[in-house]
file final_37.txt (compact mmCIF, C-alpha atoms)
# COMPACT_ATOMS: atom_id res chain seq x y z
CA MET A 2 9.47 -19.51 -15.51
CA THR A 3 13.14 -20.28 -15.21
CA PHE A 4 14.83 -21.14 -11.93
CA LYS A 5 16.71 -17.82 -12.01
CA LYS A 6 13.46 -15.91 -12.40
CA ILE A 7 11.83 -17.79 -9.52
CA SER A 8 14.80 -17.27 -7.23
CA SER A 9 14.89 -13.55 -8.07
CA GLN A 10 11.15 -13.36 -7.27
CA LEU A 11 11.86 -14.96 -3.90
CA ASN A 12 14.48 -12.38 -3.02
CA ILE A 13 12.09 -9.98 -1.32
CA PHE A 14 14.67 -7.32 -0.48
CA ALA A 15 15.85 -7.07 -4.10
CA GLN A 16 12.26 -6.90 -5.34
CA CYS A 17 11.38 -4.10 -2.91
CA LYS A 18 14.52 -2.20 -3.88
CA LYS A 19 13.54 -2.51 -7.55
CA PHE A 20 10.23 -0.77 -6.86
CA GLY A 21 11.88 1.83 -4.65
CA LEU A 22 9.39 1.08 -1.89
CA PRO A 23 9.89 0.66 1.84
CA LEU A 24 9.53 -2.92 3.07
CA TRP A 25 6.07 -2.44 4.63
CA GLN A 26 4.67 -1.12 1.34
CA CYS A 27 6.27 -3.76 -0.85
CA PRO A 28 3.87 -6.32 -2.48
CA GLN A 29 6.16 -9.33 -1.99
CA PHE A 30 6.75 -8.55 1.66
CA LEU A 31 3.03 -8.01 2.27
CA PHE A 32 2.32 -11.37 0.62
CA LEU A 33 4.81 -13.07 2.89
CA ILE A 34 3.27 -11.48 5.99
CA MET A 35 -0.25 -12.40 4.86
CA GLY A 36 0.91 -15.97 4.22
CA ILE A 37 2.37 -16.26 7.71
CA ILE A 38 -0.81 -14.83 9.27
CA ILE A 39 -3.02 -17.22 7.26
CA ILE A 40 -0.94 -20.29 8.16
CA GLY A 41 -0.87 -19.19 11.80
CA SER A 42 -4.62 -18.65 12.00
CA ILE A 43 -5.41 -21.93 10.21
CA VAL A 44 -3.13 -23.93 12.53
CA THR A 45 -4.73 -22.20 15.53
CA SER A 46 -8.28 -22.86 14.32
CA TYR A 47 -7.35 -26.49 13.62
CA ALA A 48 -5.92 -26.85 17.09
CA ILE A 49 -9.05 -25.35 18.63
CA GLY A 50 -11.32 -27.32 16.26
CA ILE A 51 -10.00 -30.80 17.12
CA ARG A 52 -10.46 -30.07 20.79
CA TYR A 53 -14.15 -29.32 20.55
CA ILE A 54 -15.37 -31.11 17.42
CA GLU A 55 -15.70 -34.87 17.17
CA ASP A 56 -14.70 -35.19 13.52
CA PRO A 57 -11.10 -33.84 13.25
CA GLU A 58 -10.66 -34.94 9.58
CA MET A 59 -13.54 -32.70 8.59
CA VAL A 60 -12.00 -29.77 10.54
CA ALA A 61 -8.68 -30.32 8.79
CA LEU A 62 -10.32 -30.40 5.38
CA VAL A 63 -12.36 -27.24 6.00
CA SER A 64 -9.27 -25.48 7.41
CA LEU A 65 -7.24 -26.42 4.36
CA LEU A 66 -10.00 -25.26 2.04
CA ILE A 67 -10.28 -21.90 3.82
CA ALA A 68 -6.49 -21.58 3.74
CA LEU A 69 -6.49 -22.21 0.00
CA ILE A 70 -9.18 -19.61 -0.66
CA LEU A 71 -7.40 -17.04 1.55
CA PHE A 72 -4.12 -17.71 -0.24
CA VAL A 73 -5.71 -17.17 -3.64
CA ILE A 74 -7.31 -13.90 -2.47
CA ALA A 75 -4.04 -12.72 -0.89
CA PHE A 76 -2.11 -13.62 -4.02
CA THR A 77 -4.56 -11.75 -6.27
CA ILE A 78 -4.44 -8.64 -4.10
CA THR A 79 -0.66 -8.53 -3.78
CA ARG A 80 -0.29 -9.31 -7.49
CA SER A 81 -2.36 -6.23 -8.34
CA PHE A 82 -0.24 -4.19 -5.91
CA GLU A 83 2.80 -5.50 -7.69
CA ARG A 84 1.41 -4.47 -11.05
CA LEU A 85 0.75 -0.96 -9.72
CA ALA A 86 4.22 -0.71 -8.25
CA GLU A 87 5.70 -1.98 -11.53
CA ALA A 88 3.68 0.56 -13.53
CA ASN A 89 4.90 3.33 -11.23
CA ARG A 90 8.50 2.20 -11.61
CA MET A 91 8.14 2.08 -15.39
CA LYS A 92 6.63 5.56 -15.41
CA SER A 93 9.59 6.91 -13.45
CA GLU A 94 12.00 5.10 -15.74
CA PHE A 95 10.19 6.48 -18.76
CA ILE A 96 10.50 10.02 -17.37
CA SER A 97 14.17 9.40 -16.76
CA ILE A 98 14.83 8.16 -20.32
CA VAL A 99 12.78 10.91 -21.96
CA SER A 100 14.46 13.55 -19.81
CA HIS A 101 17.91 12.30 -20.78
CA GLN A 102 16.95 12.29 -24.42
CA LEU A 103 15.55 15.80 -24.14
CA ARG A 104 18.59 17.15 -22.39
CA SER A 105 21.04 16.80 -25.28
CA PRO A 106 19.05 18.72 -27.92
CA LEU A 107 18.24 21.35 -25.29
CA SER A 108 21.91 21.89 -24.42
CA ASN A 109 22.74 22.02 -28.14
CA LEU A 110 20.04 24.63 -28.63
CA ARG A 111 21.14 26.75 -25.66
CA TRP A 112 24.83 26.65 -26.59
CA ALA A 113 24.08 27.56 -30.21
CA ILE A 114 22.05 30.55 -28.97
CA GLU A 115 24.84 31.52 -26.57
CA LEU A 116 27.28 31.42 -29.46
CA LEU A 117 25.03 33.70 -31.53
CA ILE A 118 24.47 36.16 -28.65
CA SER A 119 28.21 36.32 -27.92
CA GLY A 120 28.67 38.04 -31.27
CA ARG A 121 31.50 35.67 -32.21
CA LEU A 122 29.75 34.85 -35.46
CA GLY A 123 29.07 38.48 -36.36
CA LYS A 124 27.45 41.51 -34.84
CA ILE A 125 23.86 41.16 -33.73
CA GLU A 126 21.42 44.06 -33.89
CA GLU A 127 19.94 45.19 -30.57
CA GLN A 128 16.44 44.16 -31.60
CA GLN A 129 17.68 40.70 -32.58
CA THR A 130 19.54 40.30 -29.26
CA GLU A 131 16.27 40.77 -27.44
CA TYR A 132 14.72 37.81 -29.28
CA PHE A 133 17.81 35.66 -28.88
CA LYS A 134 17.56 36.32 -25.15
CA ILE A 135 13.96 35.10 -25.20
CA LEU A 136 15.14 31.93 -26.95
CA LYS A 137 17.92 31.46 -24.41
CA GLU A 138 15.67 32.01 -21.40
CA ASN A 139 13.07 29.59 -22.69
CA SER A 140 15.57 26.87 -23.53
CA HIS A 141 16.94 27.35 -20.02
CA ARG A 142 13.41 26.96 -18.60
CA MET A 143 12.94 23.71 -20.50
CA GLU A 144 16.28 22.44 -19.22
CA GLU A 145 15.23 23.25 -15.67
CA LEU A 146 11.95 21.41 -16.08
CA VAL A 147 13.73 18.37 -17.50
CA GLN A 148 16.23 18.52 -14.62
CA ASN A 149 13.37 18.62 -12.09
CA LEU A 150 11.63 15.68 -13.78
CA LEU A 151 14.87 13.72 -13.60
CA ILE A 152 15.22 14.45 -9.89
CA VAL A 153 11.60 13.40 -9.30
CA SER A 154 12.11 10.13 -11.16
CA ARG A 155 15.26 9.49 -9.11
CA ILE A 156 13.40 10.19 -5.88
CA GLU A 157 10.61 7.80 -6.90
CA THR A 158 12.92 4.99 -7.90
CA ALA A 159 15.02 5.56 -4.78
CA ALA A 160 17.97 6.34 -7.03
CA LEU A 161 19.04 9.63 -5.47
CA PRO A 162 22.00 8.74 -3.29
CA SER A 163 23.24 11.20 -0.68
CA LYS A 164 26.87 12.20 -0.60
CA LYS A 165 27.25 13.63 2.87
CA GLN A 166 30.17 15.83 3.85
CA GLU A 167 31.00 18.55 6.34
CA PHE A 168 30.50 22.12 5.13
CA SER A 169 29.23 25.53 6.18
CA LEU A 170 25.51 25.86 5.47
CA GLU A 171 25.82 29.58 6.17
CA ASP A 172 28.39 29.98 3.35
CA LEU A 173 26.26 27.93 0.98
CA ILE A 174 23.27 30.20 1.65
CA ARG A 175 25.40 33.33 1.16
CA GLU A 176 26.62 32.03 -2.20
CA LEU A 177 23.06 31.26 -3.28
CA ILE A 178 21.86 34.72 -2.29
CA LYS A 179 24.65 36.15 -4.44
CA GLU A 180 23.50 33.99 -7.36
CA PHE A 181 19.93 35.21 -6.93
CA GLU A 182 20.93 38.88 -6.62
CA LEU A 183 20.14 39.80 -10.23
CA PHE A 184 16.81 37.98 -10.21
CA ALA A 185 15.88 39.64 -6.91
CA LYS A 186 16.82 43.08 -8.21
CA ALA A 187 14.80 42.55 -11.38
CA SER A 188 11.83 41.48 -9.23
CA ASN A 189 12.26 44.48 -6.90
CA VAL A 190 12.99 42.28 -3.91
CA GLU A 191 15.47 42.85 -1.12
CA ILE A 192 17.01 39.81 0.58
CA PHE A 193 18.14 39.91 4.21
CA PHE A 194 20.14 37.11 5.78
CA GLU A 195 20.40 36.82 9.56
CA PRO A 196 22.41 33.78 10.61
CA GLN A 197 23.06 33.09 14.27
CA VAL A 198 26.67 33.81 15.23
CA ASN A 199 29.23 30.99 15.52
CA LEU A 200 27.18 28.34 13.75
CA PRO A 201 28.85 24.93 13.54
CA LYS A 202 29.41 23.11 10.27
CA ILE A 203 26.78 20.67 9.07
CA PHE A 204 27.23 17.07 7.92
CA THR A 205 24.84 16.48 5.05
CA ASP A 206 24.64 16.42 1.23
CA PRO A 207 25.53 19.94 0.01
CA SER A 208 24.25 19.58 -3.55
CA GLN A 209 20.87 18.27 -2.39
CA ILE A 210 20.39 20.88 0.30
CA LYS A 211 21.39 23.51 -2.24
CA LEU A 212 18.40 22.39 -4.34
CA VAL A 213 16.08 22.86 -1.35
CA VAL A 214 17.35 26.37 -0.49
CA GLU A 215 17.32 27.30 -4.19
CA ASN A 216 13.68 26.25 -4.54
CA LEU A 217 12.57 28.11 -1.42
CA LEU A 218 14.52 31.23 -2.34
CA ASP A 219 13.22 31.17 -5.91
CA ASN A 220 9.62 30.88 -4.69
CA ALA A 221 10.05 33.67 -2.15
CA ILE A 222 11.36 36.06 -4.81
CA ARG A 223 9.12 34.92 -7.66
CA TYR A 224 5.80 35.40 -5.92
CA VAL A 225 6.19 38.93 -4.56
CA LYS A 226 3.82 41.80 -5.04
CA GLU A 227 5.34 45.16 -5.94
CA LYS A 228 8.15 45.77 -3.45
CA GLY A 229 9.25 42.55 -1.83
CA LYS A 230 11.25 41.68 1.24
CA VAL A 231 12.72 38.26 1.93
CA LEU A 232 14.15 37.48 5.35
CA ILE A 233 16.26 34.37 5.85
CA LYS A 234 17.20 33.02 9.27
CA LEU A 235 19.57 30.23 10.18
CA GLU A 236 19.82 28.94 13.73
CA GLU A 237 21.15 26.05 15.77
CA ARG A 238 18.36 24.37 17.73
CA GLY A 239 19.49 21.44 19.82
CA GLN A 240 20.80 18.73 17.50
CA ASN A 241 19.38 20.47 14.44
CA PHE A 242 19.81 23.39 12.12
CA TYR A 243 16.70 25.52 11.66
CA PHE A 244 16.32 27.42 8.39
CA GLU A 245 13.52 29.90 7.83
CA ILE A 246 12.61 32.06 4.84
CA LYS A 247 9.91 34.67 5.16
CA ASP A 248 8.42 36.70 2.32
CA ASN A 249 5.69 39.27 1.90
CA GLY A 250 4.45 37.71 -1.32
CA VAL A 251 1.06 36.55 -2.55
CA GLY A 252 0.73 33.80 0.08
CA ILE A 253 -1.06 30.47 -0.28
CA PRO A 254 -4.88 30.29 -0.11
CA LYS A 255 -6.07 28.29 2.91
CA ASP A 256 -7.82 25.64 0.79
CA ASP A 257 -4.65 25.00 -1.22
CA GLN A 258 -2.31 24.68 1.74
CA LYS A 259 -2.80 20.95 2.27
CA TYR A 260 -1.75 20.21 -1.32
CA ILE A 261 1.29 22.46 -1.44
CA PHE A 262 3.92 19.67 -1.23
CA GLN A 263 2.16 17.50 -3.81
CA LYS A 264 3.77 16.81 -7.15
CA PHE A 265 2.75 19.21 -9.96
CA PHE A 266 0.50 21.20 -7.63
CA ARG A 267 0.37 24.96 -8.16
CA SER A 268 -1.99 27.05 -6.09
CA GLU A 269 -4.79 28.86 -7.83
CA ASN A 270 -3.67 32.43 -7.03
CA VAL A 271 -0.11 31.67 -8.12
CA MET A 272 -1.34 30.39 -11.50
CA ARG A 273 -3.08 33.73 -11.99
CA TYR A 274 -0.08 35.67 -10.86
CA GLN A 275 2.85 33.79 -12.37
CA THR A 276 2.43 31.35 -15.22
CA GLN A 277 5.95 29.94 -15.01
CA GLY A 278 6.75 27.02 -12.71
CA SER A 279 6.25 23.29 -12.80
CA GLY A 280 4.91 22.59 -9.33
CA LEU A 281 7.83 20.26 -8.62
CA GLY A 282 10.08 22.46 -6.46
CA LEU A 283 8.34 21.96 -3.12
CA TYR A 284 7.72 18.27 -3.77
CA ILE A 285 11.46 17.81 -4.39
CA SER A 286 12.35 19.96 -1.37
CA LYS A 287 10.17 17.88 0.95
CA ALA A 288 11.48 14.56 -0.38
CA ILE A 289 15.10 15.68 0.00
CA THR A 290 14.71 17.23 3.46
CA GLU A 291 13.02 14.11 4.81
CA LYS A 292 15.57 11.83 3.17
CA LEU A 293 18.35 13.78 4.91
CA GLY A 294 16.59 13.29 8.25
CA GLY A 295 14.94 16.70 8.54
CA LYS A 296 11.46 18.20 8.45
CA ILE A 297 9.90 20.90 6.31
CA GLY A 298 6.83 23.07 6.84
CA PHE A 299 5.29 26.48 6.36
CA LYS A 300 2.71 28.97 7.48
CA SER A 301 1.05 31.28 5.05
CA GLN A 302 -1.70 33.80 4.66
CA GLU A 303 -3.07 34.82 1.31
CA GLY A 304 -2.18 38.39 0.46
CA VAL A 305 0.22 38.71 3.41
CA GLY A 306 3.05 36.28 2.70
CA SER A 307 4.55 32.90 3.49
CA THR A 308 7.18 31.54 5.86
CA PHE A 309 8.80 28.26 4.89
CA TRP A 310 11.15 26.45 7.25
CA PHE A 311 13.15 23.25 7.40
CA THR A 312 15.25 21.50 9.98
CA LEU A 313 18.27 19.28 9.38
CA PRO A 314 20.36 17.23 11.79
CA ILE A 315 23.77 18.86 12.34
CA LYS A 316 25.49 15.48 12.17
CA MET B 26 48.57 25.86 -31.43
CA LYS B 27 47.13 23.37 -28.95
CA THR B 28 45.07 20.52 -30.31
CA ILE B 29 41.81 19.18 -28.92
CA LEU B 30 40.16 15.92 -29.89
CA PHE B 31 36.40 16.21 -29.56
CA ILE B 32 34.70 12.80 -29.34
CA GLU B 33 31.00 13.56 -29.67
CA ASP B 34 28.34 11.98 -31.89
CA GLU B 35 26.09 15.06 -32.07
CA SER B 36 27.10 16.92 -35.18
CA ALA B 37 25.24 20.06 -34.01
CA LEU B 38 27.47 20.19 -30.96
CA GLN B 39 30.57 19.44 -33.01
CA LYS B 40 29.74 22.50 -35.08
CA THR B 41 28.98 24.87 -32.17
CA PHE B 42 31.95 23.78 -30.12
CA GLY B 43 34.23 23.48 -33.12
CA GLU B 44 33.50 27.10 -33.95
CA ILE B 45 34.03 28.51 -30.49
CA LEU B 46 37.20 26.53 -29.82
CA LYS B 47 38.57 27.48 -33.21
CA GLN B 48 37.99 31.12 -32.32
CA GLU B 49 39.76 30.58 -29.01
CA GLY B 50 42.77 29.50 -31.02
CA TYR B 51 42.63 25.72 -30.72
CA ASP B 52 43.00 23.13 -33.44
CA ILE B 53 39.97 20.83 -33.25
CA THR B 54 39.80 17.26 -34.45
CA PRO B 55 36.26 15.90 -34.45
CA ALA B 56 35.40 12.23 -33.90
CA LEU B 57 31.81 11.05 -34.24
CA ASP B 58 32.11 7.67 -32.48
CA GLY B 59 34.15 5.98 -29.77
CA GLU B 60 36.26 3.80 -32.07
CA ILE B 61 37.34 6.66 -34.33
CA GLY B 62 37.98 8.76 -31.23
CA LEU B 63 40.31 6.16 -29.76
CA ARG B 64 42.15 5.73 -33.05
CA LEU B 65 42.60 9.48 -33.52
CA ALA B 66 43.83 9.86 -29.93
CA LYS B 67 46.64 7.42 -30.70
CA THR B 68 47.61 8.89 -34.06
CA LYS B 69 47.14 12.62 -33.38
CA LYS B 70 48.18 12.69 -29.72
CA PRO B 71 46.13 15.80 -28.88
CA ASP B 72 46.81 18.09 -25.91
CA LEU B 73 43.29 17.49 -24.56
CA ILE B 74 40.36 15.18 -25.19
CA LEU B 75 36.72 16.18 -24.80
CA LEU B 76 34.73 12.99 -24.40
CA ASP B 77 31.00 12.32 -24.52
CA LEU B 78 29.82 9.10 -22.82
CA ILE B 79 26.88 7.85 -24.86
CA LEU B 80 28.66 7.15 -28.12
CA PRO B 81 28.08 4.79 -31.03
CA LYS B 82 30.35 1.73 -31.46
CA MET B 83 32.20 2.18 -28.16
CA HIS B 84 30.90 3.67 -24.89
CA GLY B 85 32.75 6.66 -23.50
CA PHE B 86 33.82 4.76 -20.38
CA GLU B 87 35.38 2.08 -22.56
CA VAL B 88 37.22 4.75 -24.58
CA LEU B 89 38.43 6.40 -21.36
CA LYS B 90 39.60 3.07 -19.94
CA LYS B 91 41.53 2.22 -23.11
CA LEU B 92 43.05 5.72 -23.29
CA LYS B 93 44.35 5.43 -19.75
CA GLU B 94 45.67 1.89 -20.29
CA ASP B 95 47.70 2.92 -23.30
CA LYS B 96 51.19 4.26 -22.49
CA GLU B 97 51.00 6.70 -25.39
CA THR B 98 47.70 8.31 -24.43
CA LYS B 99 47.48 7.90 -20.66
CA ASP B 100 48.85 11.37 -19.89
CA ILE B 101 46.45 13.30 -22.13
CA PRO B 102 43.90 15.12 -19.93
CA VAL B 103 40.34 13.99 -20.62
CA ILE B 104 37.29 16.16 -19.90
CA VAL B 105 34.07 14.16 -19.86
CA LEU B 106 31.31 16.33 -21.38
CA THR B 107 28.00 14.55 -21.18
CA ASN B 108 24.38 14.70 -20.11
CA LEU B 109 24.61 11.35 -18.37
CA GLU B 110 24.26 11.86 -14.65
CA GLY B 111 23.37 8.46 -13.22
CA ILE B 112 24.42 7.01 -9.91
CA GLY B 113 28.16 6.59 -9.77
CA ASP B 114 28.84 7.95 -13.27
CA VAL B 115 30.98 10.84 -12.01
CA GLU B 116 32.87 8.59 -9.60
CA LYS B 117 33.48 6.02 -12.31
CA ALA B 118 34.83 8.62 -14.75
CA ILE B 119 37.20 10.10 -12.17
CA GLU B 120 38.29 6.63 -11.09
CA LEU B 121 39.08 5.76 -14.70
CA GLY B 122 41.26 8.87 -14.90
CA ALA B 123 39.10 11.72 -16.24
CA THR B 124 40.34 15.19 -15.28
CA THR B 125 36.89 16.77 -14.99
CA TYR B 126 33.28 15.67 -15.41
CA LEU B 127 30.93 18.27 -16.85
CA VAL B 128 27.17 17.85 -17.23
CA LYS B 129 26.24 19.77 -20.38
CA ALA B 130 22.89 20.95 -19.05
CA GLN B 131 24.58 22.65 -16.10
CA TYR B 132 27.21 24.73 -17.88
CA SER B 133 27.25 27.66 -20.25
CA LEU B 134 29.47 27.65 -23.29
CA ASP B 135 31.89 30.13 -21.70
CA GLU B 136 32.11 28.05 -18.52
CA VAL B 137 33.07 24.95 -20.51
CA VAL B 138 35.73 26.95 -22.37
CA GLU B 139 37.09 28.11 -19.00
CA LYS B 140 37.32 24.49 -17.81
CA ILE B 141 39.16 23.54 -21.00
CA LYS B 142 41.66 26.36 -20.49
CA LYS B 143 42.17 25.29 -16.89
CA ALA B 144 42.78 21.68 -17.91
CA LEU B 145 45.38 22.92 -20.39
CA ASN B 146 46.97 25.08 -17.66
CA GLU B 147 46.23 28.30 -19.49
call {"tool": "encode", "arguments": {"input": "final_37.txt", "output": "structure tokens"}}
result
Amino acid sequence: MTFKKISSQLNIFAQCKKFGLPLWQCPQFLFLIMGIIIIGSIVTSYAIGIRYIEDPEMVALVSLLIALILFVIAFTITRSFERLAEANRMKSEFISIVSHQLRSPLSNLRWAIELLISGRLGKIEEQQTEYFKILKENSHRMEELVQNLLIVSRIETAALPSKKQEFSLEDLIRELIKEFELFAKASNVEIFFEPQVNLPKIFTDPSQIKLVVENLLDNAIRYVKEKGKVLIKLEERGQNFYFEIKDNGVGIPKDDQKYIFQKFFRSENVMRYQTQGSGLGLYISKAITEKLGGKIGFKSQEGVGSTFWFTLPIK
Amino acid sequence: MKTILFIEDESALQKTFGEILKQEGYDITPALDGEIGLRLAKTKKPDLILLDLILPKMHGFEVLKKLKEDKETKDIPVIVLTNLEGIGDVEKAIELGATTYLVKAQYSLDEVVEKIKKALNE
């Protein structure tokens, strides 16, 4: 092991950053803490030992031996933690590389289809257009999945920086509702937005919070039964903004509710009802909301509907 | 007729974009790697450059830096068209002098054409 390698190993903060873990979960930091505790307890037991036992050399030897054994155990445990953390980091990096590599052919595919549909290369028969649209929609779905995987890998490697700025959350929600208008109409869903009057501007990352609202809005519309109604509220509550989205969709079965923010989780009734979806949207929404200093939650009843909410600090 | 230099190593994209831009009335010069792109920028002096970032022989950032350092090419607007979206990539491109930074996966063909027209003040 070269000197550079050893010194980089000793830089605990850099090591923890590499794994994307908080300090108290980081193997190197835990090893350091365990080391300090072991040294402390050995010194204490030695101090106590020489006071009450006649043979201090023996006490010192036994203490040293115990210290050595404890160090080896601590090292083995933290080393295995380190391997796990390293494997997790490599997995996230792998997802990131694969996603990037998948993105280019997917954009090529989508643009080529768009060019064909546009009729610039010759007239397309109505029946053909229908199939080109299927191709376009599916390439778009793949792109979305890849995009979500990239976001997840960034969250897990702590590589999703926030670019905070002041903006109107109310305007951002209105724009999103406009974007979702067609999808809502096609799904037979009506969207109502009731913001509190005179809301202040918010200081947070607009592109990240857009992802959260997008995910919640998409879920509310996607999982409706027959005629749907989605009600969005936005309020100022103390130092926070409170956002709420209520639907009368399929709801989440009680047994599934505790898993709903887990990665890749899709509830059993939703799988029956709607095959599309990656199970990443809510995981991403929770990670982002918490990173921006807010909270996210929901209440839901199967067959009645769900209400998701999040809070965000105004400043 | 306005000329566009398209520095992109994906021949499929060269073909799709070449076609649509040709139909929009632009003269397209394709370049399949960074070095050729830089050379063609100097000799052809296009009205606009579309630049990918992950390129063979010379990275897009290097190309952009050299374009902006050169007196002859520094005023040509450059649109970065890439799927690279890492930390600080957008900031770096704008800092180096790119006019716009477009992530391919997030734009439709028509939207990219609109951005090109805007960059050419059309």
call {"tool": "closest_residue", "arguments": {"input": "final_37.txt", "among": "B:Ile45, B:Ala118, B:Ala37, B:Ile101", "to": "Glu87 of chain B", "atoms": "only C-alpha atoms"}}
result
B:Ala118
call {"tool": "closest_residue", "arguments": {"input": "final_37.txt", "among": "B:Glu97, B:Glu49, B:Asp58, B:Glu120", "to": "Lys142 of chain B", "atoms": "all atoms listed in the file"}}
result
B:Glu49
call {"tool": "closest_atom_pairs", "arguments": {"input": "final_37.txt", "of": "chain B", "to": "chain A", "cutoff": "10 Å", "atoms": "all atoms listed in the file", "output": "Markdown table"}}
result
| residue | atom | partner | partner_atom | distance |
| --- | --- | --- | --- | --- |
| B:Glu35 | CA | A:Ser105 | CA | 8.6 |
| B:Ser36 | CA | A:Asn109 | CA | 9.7 |
| B:Ala37 | CA | A:Asn109 | CA | 6.7 |
| B:Leu38 | CA | A:Asn109 | CA | 5.8 |
| B:Gln39 | CA | A:Asn109 | CA | 9.6 |
| B:Lys40 | CA | A:Ala113 | CA | 9.0 |
| B:Thr41 | CA | A:Ala113 | CA | 5.9 |
| B:Phe42 | CA | A:Trp112 | CA | 8.4 |
| B:Glu44 | CA | A:Leu122 | CA | 8.7 |
| B:Ile45 | CA | A:Leu116 | CA | 7.4 |
| B:Gln48 | CA | A:Arg121 | CA | 7.9 |
| B:Thr107 | CA | A:Ser105 | CA | 8.4 |
| B:Asn108 | CA | A:Ser105 | CA | 6.5 |
| B:Leu109 | CA | A:His101 | CA | 7.2 |
| B:Glu110 | CA | A:His101 | CA | 8.8 |
| B:Gly111 | CA | A:Ala160 | CA | 8.5 |
| B:Ile112 | CA | A:Ala160 | CA | 7.1 |
| B:Gly113 | CA | A:Pro162 | CA | 9.2 |
| B:Val128 | CA | A:Ser108 | CA | 9.8 |
| B:Lys129 | CA | A:Ser108 | CA | 6.3 |
| B:Ala130 | CA | A:Ser108 | CA | 5.5 |
| B:Gln131 | CA | A:Ser108 | CA | 8.8 |
| B:Tyr132 | CA | A:Ser108 | CA | 8.9 |
| B:Ser133 | CA | A:Trp112 | CA | 6.9 |
| B:Leu134 | CA | A:Trp112 | CA | 5.8 |
| B:Asp135 | CA | A:Glu115 | CA | 8.7 |
call {"tool": "atom_distance", "arguments": {"input": "final_37.txt", "atom1": "atom CA of Glu245 of chain A", "atom2": "atom CA of Lys300 of chain A"}}
result
10.9 Å
call {"tool": "closest_residue", "arguments": {"input": "final_37.txt", "among": "B:Ile61, B:Ile74, B:Met83, B:Ala66", "to": "Phe31 of chain B", "atoms": "only C-alpha atoms"}}
result
B:Ile74
call {"tool": "residues_around", "arguments": {"input": "final_37.txt", "residues": "Arg267 of chain A", "least_positions_apart": "4", "cutoff": "8 Å", "atoms": "all atoms listed in the file", "output": "VMD selection string"}}
result
chain A and resid 261 271 to 272 279 to 280
call {"tool": "decode", "arguments": {"input": "final_37.txt", "residues": "segment 54-65 of chain B", "atoms": "N, CA and C atoms", "output": "PDB file, in the first residue's frame"}}
result
ATOM      1  N   THR B  54     -23.024  20.710 -41.755  1.00  0.00           N
ATOM      2  CA  THR B  54     -21.725  20.061 -41.904  1.00  0.00           C
ATOM      3  C   THR B  54     -21.560  19.093 -40.739  1.00  0.00           C
ATOM      4  N   PRO B  55     -21.452  17.804 -41.017  1.00  0.00           N
ATOM      5  CA  PRO B  55     -21.284  16.870 -39.910  1.00  0.00           C
ATOM      6  C   PRO B  55     -19.819  16.687 -39.519  1.00  0.00           C
ATOM      7  N   ALA B  56     -19.578  16.463 -38.236  1.00  0.00           N
ATOM      8  CA  ALA B  56     -18.230  16.123 -37.760  1.00  0.00           C
ATOM      9  C   ALA B  56     -18.388  15.002 -36.737  1.00  0.00           C
ATOM     10  N   LEU B  57     -17.652  13.907 -36.940  1.00  0.00           N
ATOM     11  CA  LEU B  57     -17.870  12.732 -36.085  1.00  0.00           C
ATOM     12  C   LEU B  57     -16.941  12.649 -34.873  1.00  0.00           C
ATOM     13  N   ASP B  58     -15.964  13.556 -34.768  1.00  0.00           N
ATOM     14  CA  ASP B  58     -15.167  13.604 -33.531  1.00  0.00           C
ATOM     15  C   ASP B  58     -14.753  15.036 -33.207  1.00  0.00           C
ATOM     16  N   GLY B  59     -14.218  15.224 -32.023  1.00  0.00           N
ATOM     17  CA  GLY B  59     -13.890  16.564 -31.544  1.00  0.00           C
ATOM     18  C   GLY B  59     -12.838  17.270 -32.389  1.00  0.00           C
ATOM     19  N   GLU B  60     -11.812  16.529 -32.792  1.00  0.00           N
ATOM     20  CA  GLU B  60     -10.721  17.153 -33.563  1.00  0.00           C
ATOM     21  C   GLU B  60     -11.207  17.667 -34.907  1.00  0.00           C
ATOM     22  N   ILE B  61     -11.944  16.802 -35.618  1.00  0.00           N
ATOM     23  CA  ILE B  61     -12.476  17.216 -36.928  1.00  0.00           C
ATOM     24  C   ILE B  61     -13.413  18.410 -36.731  1.00  0.00           C
ATOM     25  N   GLY B  62     -14.232  18.337 -35.681  1.00  0.00           N
ATOM     26  CA  GLY B  62     -15.171  19.417 -35.386  1.00  0.00           C
ATOM     27  C   GLY B  62     -14.464  20.748 -35.231  1.00  0.00           C
ATOM     28  N   LEU B  63     -13.391  20.741 -34.462  1.00  0.00           N
ATOM     29  CA  LEU B  63     -12.633  21.969 -34.215  1.00  0.00           C
ATOM     30  C   LEU B  63     -12.029  22.506 -35.517  1.00  0.00           C
ATOM     31  N   ARG B  64     -11.481  21.571 -36.299  1.00  0.00           N
ATOM     32  CA  ARG B  64     -10.860  21.975 -37.572  1.00  0.00           C
ATOM     33  C   ARG B  64     -11.903  22.586 -38.513  1.00  0.00           C
ATOM     34  N   LEU B  65     -13.062  21.909 -38.616  1.00  0.00           N
ATOM     35  CA  LEU B  65     -14.114  22.405 -39.514  1.00  0.00           C
ATOM     36  C   LEU B  65     -14.677  23.746 -39.048  1.00  0.00           C
TER      37      LEU B  65
END
